[in-house]
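Just below is one structure, and these are the notes that go with it.
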Amino acid sequence: MSQEPLRIVVADDNVDSADSMAAYLRLCGCEVVAVYRAIDVVSRAVEFEPHLIFLDIVMPALDGYQLARRIRATPSLADMKIVALTGLARPEERRKGAEAGFDGYLIKPVDPAEIDRLIDGLRPATES
């Protein structure tokens with residue numbers, strides 16, 4: 001019996017970064033949508049109904065903290081897992097991320113093993 005693939009949104013204004021992450025996640029068996037404009041993240045997430053959003057912090061128009069708050073305020077997305085994928089590594093940035101509603105905080109460049117562990121933690125346990 002095959003399981004439904006994890007649906008993931010990768011939101012980053014750096015197209016190369018978003019596309020590289022999306023390609024890796026597809027190789028891991030995930031269904032992925034890359035979003036390059038902060039203004040489009042919430043509406044795409046509502047349409048796609050992902051299990052997880054990887055969200056860059058530094059984006060024009062809206063930053064990742066603002067977006068995380070908007071996601072948490074959207075009823076259909078309120079319980080979704082949100083993980084920062086950013087170059088901001090200072091402790092105060094992590095604190096701001098937690099306050100905004102992030103569930104995790106990964107620093108670029110991310111070790112693929114960290115992504116694998118995160119994805120494996122979201123997949124349902126297989127029945128024996």
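Residue numbering restarts at 1 in every chain; chains get A, B, ... in the order shown in the structure tokens, and ligands count up from 1 in that same order.
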Near segment 51-53 of chain A, within 8 Å and counting only C-alpha atoms, which residues show up once chain neighbours fewer than 3 positions away are dropped, as a PyMOL selection string?
-> chain A and resi 6-11+80-83+122
Output of the above residues as a short mmCIF file (atom, residue, chain, number, x, y, z; two decimals), in the first residue's frame, restricted to C-alpha atoms:
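Once written, result.cif looks like this:
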```cif
data_model
loop_
_atom_site.label_atom_id
_atom_site.label_comp_id
_atom_site.auth_asym_id
_atom_site.auth_seq_id
_atom_site.Cartn_x
_atom_site.Cartn_y
_atom_site.Cartn_z
CA LEU A 6 4.16 14.85 1.61
CA ARG A 7 3.10 18.18 0.15
CA ILE A 8 5.61 20.96 0.77
CA VAL A 9 5.73 24.65 -0.13
CA VAL A 10 9.17 26.21 -0.51
CA ALA A 11 8.91 30.00 -0.24
CA MET A 80 0.69 23.49 9.56
CA LYS A 81 4.39 22.95 10.24
CA ILE A 82 6.46 26.02 9.32
CA VAL A 83 10.24 25.82 9.19
CA LEU A 122 6.33 14.06 9.16
#
```
Neighbours of Val110 of chain A within 10 Å (only C-alpha atoms; same-chain residues fewer than 3 positions away dropped), as a ChimeraX atom specification?
-> /A:21,85-87,106-107,113-115
Written selection (N, CA and C atoms) as an mmCIF file, in the first residue's frame:
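New file out_29.cif:
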```cif
data_model
loop_
_atom_site.group_PDB
_atom_site.id
_atom_site.type_symbol
_atom_site.label_atom_id
_atom_site.label_comp_id
_atom_site.auth_asym_id
_atom_site.auth_seq_id
_atom_site.Cartn_x
_atom_site.Cartn_y
_atom_site.Cartn_z
ATOM 1 N N MET A 21 16.007 23.597 -3.597
ATOM 2 C CA MET A 21 15.355 22.907 -2.476
ATOM 3 C C MET A 21 14.181 22.083 -2.984
ATOM 4 N N LEU A 85 13.983 28.702 6.715
ATOM 5 C CA LEU A 85 15.124 28.268 5.918
ATOM 6 C C LEU A 85 15.853 29.563 5.568
ATOM 7 N N THR A 86 16.874 29.915 6.348
ATOM 8 C CA THR A 86 17.403 31.267 6.290
ATOM 9 C C THR A 86 18.900 31.319 6.561
ATOM 10 N N GLY A 87 19.485 32.441 6.251
ATOM 11 C CA GLY A 87 20.882 32.694 6.570
ATOM 12 C C GLY A 87 21.045 33.428 7.890
ATOM 13 N N LEU A 106 16.116 26.323 10.274
ATOM 14 C CA LEU A 106 17.290 25.756 9.618
ATOM 15 C C LEU A 106 18.113 26.876 8.984
ATOM 16 N N ILE A 107 19.430 26.784 9.158
ATOM 17 C CA ILE A 107 20.342 27.792 8.640
ATOM 18 C C ILE A 107 20.929 27.322 7.309
ATOM 19 N N ALA A 113 20.880 15.966 5.438
ATOM 20 C CA ALA A 113 20.470 15.024 6.491
ATOM 21 C C ALA A 113 19.446 15.672 7.429
ATOM 22 N N GLU A 114 19.563 16.974 7.670
ATOM 23 C CA GLU A 114 18.583 17.675 8.504
ATOM 24 C C GLU A 114 17.214 17.696 7.830
ATOM 25 N N ILE A 115 17.217 17.916 6.535
ATOM 26 C CA ILE A 115 15.959 17.919 5.778
ATOM 27 C C ILE A 115 15.348 16.524 5.799
#
```
DSSP-assigned strand (DSSP E or B) members of chain A, reported as a PyMOL selection string = chain A and resi 7-11+31-35+52-55+81-86+104-107
Running DSSP on the backbone, which parts of chain A land in helix (DSSP H, G or I), as a PyMOL selection string?
-> chain A and resi 15-27+38-48+64-73+75-77+91-100+112-122
Which one of A:Ala45, A:Val32, A:Ile39, A:Met59 sits closest to Asp13 of chain A if you count only C-alpha atoms?
-> A:Met59
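All residues of protein, DNA or RNA that reach within 12 Å of segment 72-74 of chain A, judged by only C-alpha atoms and not counting those fewer than 4 positions away in the chain, are Val41, Val42, Ser43, Ala45, Val46, Glu49, Ile53, Tyr65, Gln66, Leu67, Ala68, Ala78, Asp79, Met80, Lys81, Ile82, Glu99, Ala100, Gly101, Phe102 and Asp103 of chain A.
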For the selection just defined, write its residues with C-alpha atoms to a file, as a PDB file, in the first residue's frame.
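The resulting file, out10.pdb, is shown below:
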```
ATOM      1  CA  VAL A  41       2.650  32.351  -0.086  1.00  0.00           C
ATOM      2  CA  VAL A  42      -0.592  32.251   1.914  1.00  0.00           C
ATOM      3  CA  SER A  43      -2.907  31.892  -1.102  1.00  0.00           C
ATOM      4  CA  ALA A  45      -0.619  27.309   0.676  1.00  0.00           C
ATOM      5  CA  VAL A  46      -4.409  27.475   1.017  1.00  0.00           C
ATOM      6  CA  GLU A  49      -2.781  22.287   1.463  1.00  0.00           C
ATOM      7  CA  ILE A  53       6.185  25.184   4.500  1.00  0.00           C
ATOM      8  CA  TYR A  65       8.027  36.566  10.437  1.00  0.00           C
ATOM      9  CA  GLN A  66       5.049  38.469   9.026  1.00  0.00           C
ATOM     10  CA  LEU A  67       4.223  35.544   6.754  1.00  0.00           C
ATOM     11  CA  ALA A  68       4.392  33.029   9.598  1.00  0.00           C
ATOM     12  CA  ALA A  78      -3.050  27.311  11.543  1.00  0.00           C
ATOM     13  CA  ASP A  79      -1.687  23.865  12.487  1.00  0.00           C
ATOM     14  CA  MET A  80       0.693  23.488   9.560  1.00  0.00           C
ATOM     15  CA  LYS A  81       4.390  22.945  10.242  1.00  0.00           C
ATOM     16  CA  ILE A  82       6.463  26.021   9.323  1.00  0.00           C
ATOM     17  CA  GLU A  99       7.459  34.086  18.593  1.00  0.00           C
ATOM     18  CA  ALA A 100       6.154  34.382  15.019  1.00  0.00           C
ATOM     19  CA  GLY A 101       5.061  30.740  14.967  1.00  0.00           C
ATOM     20  CA  PHE A 102       7.914  28.830  13.341  1.00  0.00           C
ATOM     21  CA  ASP A 103       8.188  25.180  14.371  1.00  0.00           C
TER      22      ASP A 103
END
```
Which polymer residues have any atom within 12 Å of an atom of Asp16 of chain A, counting only C-alpha atoms, with same-chain residues fewer than 6 positions away left out, as a list in words?
-> Val10, Ala22, Ala23, Ala34, Val35 and Tyr36 of chain A
